[in-house]
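Visitor: final12.cif (mmCIF, C-alpha atoms) pasted underneath:
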data_protein
loop_
_atom_site.group_PDB
_atom_site.id
_atom_site.type_symbol
_atom_site.label_atom_id
_atom_site.label_comp_id
_atom_site.auth_asym_id
_atom_site.auth_seq_id
_atom_site.Cartn_x
_atom_site.Cartn_y
_atom_site.Cartn_z
ATOM 1 C CA LEU L 44 -27.867 8.117 9.066
ATOM 2 C CA VAL L 45 -28.328 11.874 8.546
ATOM 3 C CA THR L 46 -29.696 12.351 12.076
ATOM 4 C CA ARG L 47 -26.782 10.479 13.636
ATOM 5 C CA LEU L 48 -24.214 12.475 11.679
ATOM 6 C CA SER L 49 -25.884 15.771 12.532
ATOM 7 C CA LEU L 50 -25.633 14.858 16.222
ATOM 8 C CA ALA L 51 -22.018 13.696 15.861
ATOM 9 C CA THR L 52 -20.796 16.767 13.959
ATOM 10 C CA ASP L 53 -21.108 20.530 14.061
ATOM 11 C CA LEU L 54 -23.190 20.643 10.861
ATOM 12 C CA ARG L 55 -26.912 21.300 10.671
ATOM 13 C CA PHE L 56 -29.353 18.586 9.586
ATOM 14 C CA ALA L 57 -29.987 20.206 6.207
ATOM 15 C CA GLU L 58 -26.272 20.565 5.513
ATOM 16 C CA ILE L 59 -25.598 16.943 6.466
ATOM 17 C CA ALA L 60 -28.481 15.725 4.316
ATOM 18 C CA GLU L 61 -27.126 17.553 1.292
ATOM 19 C CA ASP L 62 -23.524 16.424 1.845
ATOM 20 C CA VAL L 63 -24.485 12.801 2.501
ATOM 21 C CA GLY L 64 -26.747 12.660 -0.534
ATOM 22 C CA ARG L 65 -24.143 14.084 -2.891
ATOM 23 C CA SER L 66 -21.325 11.930 -1.486
ATOM 24 C CA ILE L 67 -23.304 8.694 -1.604
ATOM 25 C CA LYS L 68 -24.289 9.411 -5.199
ATOM 26 C CA VAL L 69 -20.793 10.196 -6.473
ATOM 27 C CA MET L 70 -19.267 7.265 -4.569
ATOM 28 C CA GLY L 71 -21.883 4.898 -5.952
ATOM 29 C CA LEU L 72 -22.765 3.366 -2.585
ATOM 30 C CA SER L 73 -25.544 0.833 -2.171
ATOM 31 C CA GLU L 74 -28.056 0.954 0.694
ATOM 32 C CA ASN L 75 -26.248 -1.714 2.692
ATOM 33 C CA GLU L 76 -23.126 0.500 2.655
ATOM 34 C CA PHE L 77 -24.844 3.592 4.118
ATOM 35 C CA GLU L 78 -24.268 2.677 7.771
ATOM 36 C CA SER L 79 -20.586 1.912 7.213
ATOM 37 C CA PHE L 80 -20.222 5.196 5.354
ATOM 38 C CA GLY L 81 -21.840 7.139 8.196
ATOM 39 C CA ALA L 82 -19.743 5.406 10.860
ATOM 40 C CA THR L 83 -16.548 6.177 8.928
ATOM 41 C CA VAL L 84 -17.406 9.857 8.509
ATOM 42 C CA ALA L 85 -18.325 10.170 12.196
ATOM 43 C CA GLU L 86 -15.111 8.474 13.324
ATOM 44 C CA LEU L 87 -12.926 10.583 11.062
ATOM 45 C CA GLY L 88 -14.729 13.694 12.246
ATOM 46 C CA ASN L 89 -13.889 12.735 15.838
ATOM 47 C CA VAL L 90 -10.225 11.787 15.458
ATOM 48 C CA MET L 91 -9.005 14.079 12.687
ATOM 49 C CA GLY L 92 -8.223 17.770 12.845
ATOM 50 C CA GLY L 93 -10.031 18.793 9.669
ATOM 51 C CA THR L 94 -13.726 19.504 9.263
ATOM 52 C CA VAL L 95 -16.476 17.066 8.306
ATOM 53 C CA ARG L 96 -17.526 19.470 5.559
ATOM 54 C CA ASP L 97 -14.029 19.204 4.032
ATOM 55 C CA ILE L 98 -14.093 15.410 4.322
ATOM 56 C CA PHE L 99 -17.321 15.381 2.311
ATOM 57 C CA GLU L 100 -15.868 17.855 -0.185
ATOM 58 C CA PHE L 101 -12.695 15.836 -0.690
ATOM 59 C CA SER L 102 -14.605 12.565 -0.998
ATOM 60 C CA ARG L 103 -16.780 13.955 -3.791
ATOM 61 C CA ARG L 104 -13.763 15.246 -5.686
ATOM 62 C CA LEU L 105 -11.691 12.066 -5.181
ATOM 63 C CA ALA L 106 -14.376 9.400 -5.547
ATOM 64 C CA ALA L 107 -14.695 9.109 -9.336
ATOM 65 C CA THR L 108 -10.981 8.802 -10.072
ATOM 66 C CA LEU L 109 -9.783 6.883 -7.019
ATOM 67 C CA GLY L 110 -12.815 4.592 -7.018
ATOM 68 C CA SER L 111 -12.131 3.608 -10.625
ATOM 69 C CA LEU L 112 -8.535 2.756 -9.667
ATOM 70 C CA GLY L 113 -9.490 0.350 -6.886
ATOM 71 C CA VAL L 114 -9.458 2.599 -3.823
ATOM 72 C CA LYS L 115 -12.199 1.633 -1.342
ATOM 73 C CA PRO L 116 -14.819 4.182 -0.151
ATOM 74 C CA ASP L 117 -13.506 4.222 3.440
ATOM 75 C CA GLN L 118 -9.978 4.819 2.123
ATOM 76 C CA ILE L 119 -11.199 7.697 -0.041
ATOM 77 C CA LEU L 120 -12.786 9.284 3.020
ATOM 78 C CA ALA L 121 -9.564 8.725 4.996
ATOM 79 C CA ILE L 122 -7.366 10.318 2.349
ATOM 80 C CA GLY L 123 -9.723 13.300 2.256
ATOM 81 C CA ALA L 124 -9.628 13.585 6.064
ATOM 82 C CA ALA L 125 -5.821 13.467 6.053
ATOM 83 C CA LEU L 126 -5.591 16.179 3.393
ATOM 84 C CA SER L 127 -8.045 18.301 5.358
ATOM 85 C CA GLU L 128 -6.049 17.915 8.570
ATOM 86 C CA ALA L 129 -2.870 18.813 6.675
ATOM 87 C CA GLY L 130 -4.490 22.077 5.614
ATOM 88 C CA VAL L 131 -4.792 21.284 1.905
ATOM 89 C CA ASN L 132 -7.406 23.093 -0.179
ATOM 90 C CA PRO L 133 -10.086 20.588 -1.331
ATOM 91 C CA GLU L 134 -10.219 21.676 -4.963
ATOM 92 C CA ALA L 135 -6.470 21.915 -5.593
ATOM 93 C CA GLY L 136 -5.590 19.025 -3.284
ATOM 94 C CA ALA L 137 -8.081 16.576 -4.762
ATOM 95 C CA THR L 138 -6.957 17.409 -8.293
ATOM 96 C CA ALA L 139 -3.334 16.826 -7.277
ATOM 97 C CA VAL L 140 -4.018 13.499 -5.550
ATOM 98 C CA ASN L 141 -6.190 12.256 -8.406
ATOM 99 C CA LYS L 142 -3.344 13.026 -10.805
ATOM 100 C CA PHE L 143 -0.819 11.233 -8.601
ATOM 101 C CA PHE L 144 -2.927 8.075 -8.380
ATOM 102 C CA VAL L 145 -3.449 8.000 -12.144
ATOM 103 C CA GLU L 146 0.301 8.384 -12.703
ATOM 104 C CA MET L 147 1.055 5.744 -10.071
ATOM 105 C CA ILE L 148 -1.212 3.222 -11.804
ATOM 106 C CA ASP L 149 0.161 4.206 -15.219
ATOM 107 C CA ALA L 150 3.665 3.541 -13.866
ATOM 108 C CA LEU L 151 2.765 -0.150 -13.585
ATOM 109 C CA ASN L 152 3.288 -0.226 -17.344
ATOM 110 C CA GLU L 153 6.393 1.935 -17.248
ATOM 111 C CA THR L 154 8.407 -0.457 -19.449
ATOM 112 C CA GLY L 155 5.683 -0.598 -22.077
ATOM 113 C CA GLY L 156 7.182 2.163 -24.217
ATOM 114 C CA MET L 157 10.798 0.956 -23.940
ATOM 115 C CA SER L 158 12.653 -0.512 -26.857
ATOM 116 C CA ASP L 159 13.654 -4.179 -26.632
ATOM 117 C CA GLU L 160 17.248 -3.067 -26.179
ATOM 118 C CA ALA L 161 16.318 -0.816 -23.242
ATOM 119 C CA LYS L 162 14.273 -3.582 -21.611
ATOM 120 C CA GLN L 163 17.211 -5.973 -21.947
ATOM 121 C CA LYS L 164 19.589 -3.469 -20.386
ATOM 122 C CA LEU L 165 17.181 -2.857 -17.509
ATOM 123 C CA GLN L 166 16.855 -6.584 -16.862
ATOM 124 C CA SER L 167 20.625 -7.045 -17.145
ATOM 125 C CA LEU L 168 21.213 -4.443 -14.420
ATOM 126 C CA LYS L 169 18.621 -6.121 -12.181
ATOM 127 C CA ASP L 170 20.237 -9.536 -12.770
ATOM 128 C CA THR L 171 23.657 -8.122 -11.922
ATOM 129 C CA ILE L 172 22.322 -6.697 -8.663
ATOM 130 C CA ASN L 173 20.789 -10.058 -7.754
ATOM 131 C CA ASP L 174 24.061 -11.865 -8.529
ATOM 132 C CA LEU L 175 26.151 -9.400 -6.531
ATOM 133 C CA SER L 176 23.735 -9.541 -3.600
ATOM 134 C CA GLY L 177 23.984 -13.336 -3.558
ATOM 135 C CA SER L 178 27.771 -13.296 -3.754
ATOM 136 C CA LEU L 179 27.983 -10.715 -0.988
ATOM 137 C CA GLU L 180 25.712 -12.762 1.271
ATOM 138 C CA VAL L 181 27.824 -15.887 0.765
ATOM 139 C CA ALA L 182 31.090 -14.014 1.383
ATOM 140 C CA GLU L 183 29.765 -12.397 4.572
ATOM 141 C CA LEU L 184 28.559 -15.752 5.895
ATOM 142 C CA ARG L 185 31.961 -17.276 5.112
ATOM 143 C CA GLN L 186 33.694 -14.443 6.965
ATOM 144 C CA LYS L 187 31.643 -15.146 10.069
ATOM 145 C CA GLU L 188 32.484 -18.847 9.934
ATOM 146 C CA PHE L 189 36.247 -18.362 9.816
ATOM 147 C CA GLY L 190 37.969 -19.570 12.963
ATOM 148 C CA ARG L 191 41.352 -19.175 14.624
ATOM 149 C CA ASN L 192 42.926 -21.730 12.328
ATOM 150 C CA THR L 193 41.877 -19.942 9.156
ATOM 151 C CA PRO L 194 44.959 -18.498 7.428
ATOM 152 C CA ALA L 195 45.136 -14.710 7.655
ATOM 153 C CA SER L 196 45.608 -14.534 3.888
ATOM 154 C CA VAL L 197 42.277 -16.318 3.328
ATOM 155 C CA VAL L 198 40.461 -13.988 5.732
ATOM 156 C CA LYS L 199 42.019 -10.957 4.068
ATOM 157 C CA ALA L 200 41.175 -12.170 0.542
ATOM 158 C CA ASN L 201 37.566 -12.802 1.549
ATOM 159 C CA GLN L 202 37.277 -9.327 3.098
ATOM 160 C CA ILE L 203 38.644 -7.805 -0.098
ATOM 161 C CA ALA L 204 35.951 -9.701 -2.011
ATOM 162 C CA ILE L 205 33.260 -8.407 0.365
ATOM 163 C CA ASP L 206 34.419 -4.816 -0.137
ATOM 164 C CA LYS L 207 34.473 -5.365 -3.898
ATOM 165 C CA TYR L 208 30.923 -6.766 -3.946
ATOM 166 C CA LYS L 209 29.630 -3.861 -1.852
ATOM 167 C CA ARG L 210 31.305 -1.314 -4.110
ATOM 168 C CA GLU L 211 30.026 -2.921 -7.302
ATOM 169 C CA LEU L 212 26.543 -3.350 -5.803
ATOM 170 C CA SER L 213 26.385 0.353 -4.942
ATOM 171 C CA GLN L 214 27.626 1.366 -8.402
ATOM 172 C CA THR L 215 25.167 -0.932 -10.207
ATOM 173 C CA SER L 216 22.263 0.243 -8.056
ATOM 174 C CA THR L 217 23.090 3.826 -8.979
ATOM 175 C CA LYS L 218 23.208 2.895 -12.662
ATOM 176 C CA LEU L 219 19.828 1.170 -12.345
ATOM 177 C CA ASP L 220 18.273 4.241 -10.709
ATOM 178 C CA GLU L 221 19.689 6.548 -13.386
ATOM 179 C CA PHE L 222 18.629 4.264 -16.221
ATOM 180 C CA SER L 223 15.124 3.759 -14.807
ATOM 181 C CA SER L 224 14.670 7.510 -14.450
ATOM 182 C CA SER L 225 15.919 8.108 -17.987
ATOM 183 C CA ALA L 226 13.776 5.322 -19.443
ATOM 184 C CA ALA L 227 10.705 6.701 -17.682
ATOM 185 C CA GLY L 228 11.232 9.989 -19.502
ATOM 186 C CA GLY L 229 10.852 12.112 -16.373
ATOM 187 C CA LYS L 230 7.618 10.362 -15.422
ATOM 188 C CA LEU L 231 6.736 8.803 -12.094
ATOM 189 C CA SER L 232 8.152 5.283 -11.963
ATOM 190 C CA ILE L 233 7.526 2.248 -9.768
ATOM 191 C CA SER L 234 11.262 1.920 -9.115
ATOM 192 C CA GLY L 235 11.504 5.547 -8.001
ATOM 193 C CA MET L 236 8.485 5.297 -5.704
ATOM 194 C CA ALA L 237 9.705 1.986 -4.282
ATOM 195 C CA LYS L 238 13.065 3.527 -3.439
ATOM 196 C CA VAL L 239 11.353 6.377 -1.577
ATOM 197 C CA ALA L 240 9.064 3.920 0.219
ATOM 198 C CA GLY L 241 12.056 1.833 1.248
ATOM 199 C CA VAL L 242 10.815 -1.446 -0.250
ATOM 200 C CA GLY L 243 11.723 -3.616 -3.205
ATOM 201 C CA GLU L 244 10.393 -2.705 -6.640
ATOM 202 C CA ASP L 245 8.475 -5.972 -7.065
ATOM 203 C CA ALA L 246 6.889 -5.644 -3.611
ATOM 204 C CA PHE L 247 5.799 -2.066 -4.293
ATOM 205 C CA ARG L 248 4.455 -2.980 -7.723
ATOM 206 C CA ALA L 249 2.358 -5.751 -6.162
ATOM 207 C CA LEU L 250 1.045 -3.346 -3.504
ATOM 208 C CA VAL L 251 0.032 -0.750 -6.110
ATOM 209 C CA LYS L 252 -1.911 -3.471 -7.934
ATOM 210 C CA SER L 253 -3.641 -4.885 -4.857
ATOM 211 C CA ASP L 254 -4.079 -1.828 -2.620
ATOM 212 C CA PRO L 255 -3.265 1.572 -4.221
ATOM 213 C CA ALA L 256 -4.199 3.503 -1.069
ATOM 214 C CA SER L 257 -1.715 1.547 1.055
ATOM 215 C CA ALA L 258 0.958 2.040 -1.607
ATOM 216 C CA PHE L 259 0.254 5.775 -1.499
ATOM 217 C CA ALA L 260 0.528 5.759 2.300
ATOM 218 C CA GLN L 261 3.828 3.878 2.162
ATOM 219 C CA PHE L 262 5.170 6.357 -0.375
ATOM 220 C CA VAL L 263 4.125 9.319 1.792
ATOM 221 C CA ALA L 264 5.773 7.654 4.815
ATOM 222 C CA GLY L 265 8.967 7.445 2.766
ATOM 223 C CA LEU L 266 8.743 11.153 1.980
ATOM 224 C CA GLN L 267 8.360 11.831 5.692
ATOM 225 C CA GLY L 268 11.537 9.881 6.406
ATOM 226 C CA ILE L 269 13.426 11.893 3.799
ATOM 227 C CA ALA L 270 12.116 15.127 5.332
ATOM 228 C CA ARG L 271 13.239 14.060 8.820
ATOM 229 C CA GLU L 272 16.726 13.137 7.676
ATOM 230 C CA GLY L 273 17.448 15.777 5.046
ATOM 231 C CA GLY L 274 14.945 18.556 5.641
ATOM 232 C CA PRO L 275 12.796 20.442 3.106
ATOM 233 C CA GLU L 276 15.566 20.698 0.508
ATOM 234 C CA ALA L 277 16.061 16.934 0.366
ATOM 235 C CA LEU L 278 12.308 16.407 0.066
ATOM 236 C CA THR L 279 11.962 18.927 -2.759
ATOM 237 C CA LYS L 280 14.930 17.386 -4.562
ATOM 238 C CA THR L 281 13.392 13.919 -4.268
ATOM 239 C CA LEU L 282 10.093 15.079 -5.774
ATOM 240 C CA SER L 283 11.977 16.667 -8.678
ATOM 241 C CA GLU L 284 13.955 13.482 -9.286
ATOM 242 C CA LEU L 285 10.694 11.536 -9.367
ATOM 243 C CA GLY L 286 9.346 13.860 -12.041
ATOM 244 C CA ILE L 287 6.780 15.440 -9.712
ATOM 245 C CA THR L 288 7.005 19.061 -10.821
ATOM 246 C CA GLU L 289 3.376 20.238 -10.965
ATOM 247 C CA GLU L 290 2.951 22.828 -8.216
ATOM 248 C CA ARG L 291 -0.374 21.657 -6.755
ATOM 249 C CA GLN L 292 0.832 18.062 -6.673
ATOM 250 C CA ARG L 293 4.027 19.033 -4.875
ATOM 251 C CA GLU L 294 2.126 21.162 -2.363
ATOM 252 C CA ALA L 295 -0.297 18.350 -1.497
ATOM 253 C CA LEU L 296 2.493 15.786 -1.049
ATOM 254 C CA LEU L 297 4.627 18.212 0.945
ATOM 255 C CA ALA L 298 1.671 18.978 3.205
ATOM 256 C CA LEU L 299 1.068 15.275 3.884
ATOM 257 C CA ALA L 300 4.777 14.689 4.432
ATOM 258 C CA ASN L 301 4.909 17.531 6.945
ATOM 259 C CA SER L 302 1.803 16.275 8.733
ATOM 260 C CA GLU L 303 3.375 12.982 9.742
ATOM 261 C CA LYS L 304 0.527 11.125 11.419
ATOM 262 C CA SER L 305 -2.411 12.389 9.365
ATOM 263 C CA LEU L 306 -2.590 9.740 6.643
ATOM 264 C CA PRO L 307 -1.854 6.601 8.709
ATOM 265 C CA LYS L 308 -4.127 7.857 11.488
ATOM 266 C CA ALA L 309 -6.982 8.475 9.066
ATOM 267 C CA LEU L 310 -6.605 5.134 7.269
ATOM 268 C CA ASP L 311 -6.477 3.294 10.593
ATOM 269 C CA ALA L 312 -9.553 5.088 11.936
ATOM 270 C CA ALA L 313 -11.505 4.438 8.717
ATOM 271 C CA SER L 314 -10.621 0.747 8.712
ATOM 272 C CA LYS L 315 -11.907 0.330 12.287
ATOM 273 C CA ALA L 316 -15.087 2.371 11.940
#
Write the structure described by the file as structure tokens, please.

Guide:
Amino acid sequence: LVTRLSLATDLRFAEIAEDVGRSIKVMGLSENEFESFGATVAELGNVMGGTVRDIFEFSRRLAATLGSLGVKPDQILAIGAALSEAGVNPEAGATAVNKFFVEMIDALNETGGMSDEAKQKLQSLKDTINDLSGSLEVAELRQKEFGRNTPASVVKANQIAIDKYKRELSQTSTKLDEFSSSAAGGKLSISGMAKVAGVGEDAFRALVKSDPASAFAQFVAGLQGIAREGGPEALTKTLSELGITEERQREALLALANSEKSLPKALDAASKA
């Protein structure tokens, strides 16, 4: 393993031996995982713009926290490679990403500290959104089915209803966002991350539970979309609204958002190694 990596990278045998030994130990890999580990490092070293030394450094700093939260070894290496390519400092960047993952997992229990009254209000807003969405869907389908013989007054009344549902849906969604943010007490919330990622709250919650690394990648992709559409100011505003105010955390996320292909490219390469 060490010989192959020394041939595949620009590091000397002794350096590789030290890095591999320390990384394998901190990641808790078994002997039958060594080859997969080596293949992943070699592949990431070939396709990513960072250095293999930084990939090792990131993996050691990320392994304990991310591994305990369900992130797989190849995903830890990929996240480290993406951060390296984005120009993030290993010490500060790893600390920031570890903190984000902990907060993301903690957000799964974001309603745990709410009062019963707050939980009821939150559920009431969600129920209202579901009801309005259903009514809007029915009204829009009805509008499409109207024919030439449909009285103009009926068509007009149905269009008024559609406009009303859309308006009320937008207003209720805004209330839900504001209430969720307030209830979270300025902390990272599943609803806030889901909105950035462009998926439903329940779908994002399930992804965080089953595959935290993919949830992180989807969130970063959402940040990239915000940056493309609204520029740096919109991105900074979004992070503030999410409660992400710690400087190192913001810098790491901004770097990944500005390096659009780094994270998906690294995760894809690691999964195929």

Visitor: Env of segment 264-266 of chain L: 9 Å cut, atoms = only C-alpha atoms, seq-sep filter 2 positions within chain, self excluded. Answer as a list in words.

Guide: Met236, Ala237, Lys238, Val239, Ala240, Gly241, Phe259, Ala260, Gln261, Phe262, Gly268, Ile269, Ala270, Arg271, Leu278, Thr281, Leu282, Leu296, Leu297, Leu299, Ala300, Asn301, Glu303, Leu306 and Pro307 of chain L

Visitor: To one decimal place in Å, what is the distance between atom CA of Ser213 of chain L and atom CA of Lys199 of chain L?

Guide: 21.3 Å

Visitor: Counting all atoms listed in the file, which residues have an atom no more than 9 Å from (0.2, 6.9, -8.2) in the file's coordinates? Please list them as number ranges by chain.

Guide: L: 140-150, 231-233, 236, 251, 255, 258-259

Visitor: Between L:Gly286, L:Gly88, L:Gly235, L:Pro275, single out the one closest to Gly123 of chain L, counting only C-alpha atoms.

Guide: L:Gly88

Visitor: Can you list what the PyMOL selection byres ((chain L and resi 98) around 7) grabs from this structure, as a PyMOL selection string?

Guide: chain L and resi 94-97+99-102+120+123-124+127

Visitor: Pick out the residues sitting within 10 Å of Lys315 of chain L, and hand them over as a PyMOL selection string; count only C-alpha atoms, and ignore anything fewer than 2 positions along from it in its own chain.

Guide: chain L and resi 82-83+86+117+310-313

Visitor: Could you please determine the separation between atom CA of Ile122 of chain L and atom CA of Ala309 of chain L in Å, to one decimal place?

Guide: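 Here the two named atoms are 7.0 Å from each other.
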
Visitor: Ranking L:Leu126, L:Val69, L:Met91, L:Ala182 by minimum distance to Ser111 of chain L and counting only C-alpha atoms, which one comes first?

Guide: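 Looking only at the distances to Ser111 of chain L, the closest residue turns out to be L:Val69.
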
Visitor: Rounded to one decimal, what separation in Å do you get between atom CA of Leu165 of chain L and atom CA of Ala246 of chain L?

Guide: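 Computing it gives 17.5 Å between the two atoms.
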
Visitor: Around the point (-19.9, 9.5, -5.8) (coordinates from the file), which residues reach within 9 Å if we count only C-alpha atoms? Answer as an MDAnalysis selection string.

Guide: chainID L and resid 65:72 102:107 110

Visitor: Produce the centre coordinates and the three edge lengths, each in Å to one decimal, of the box along x, y and z that contains all listed atoms of segment 124-130 of chain L with 4 Å added on each side, as AutoDock Vina command-line options.

Guide:
--center_x -6.2 --center_y 17.8 --center_z 6.0 --size_x 14.8 --size_y 16.6 --size_z 13.2

Visitor: Pick out the closest residue to Ala85 of chain L from this set: L:Glu183, L:Asp206, L:Thr288, L:Ala316. Count only C-alpha atoms.

Guide: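 Closest candidate: L:Ala316.
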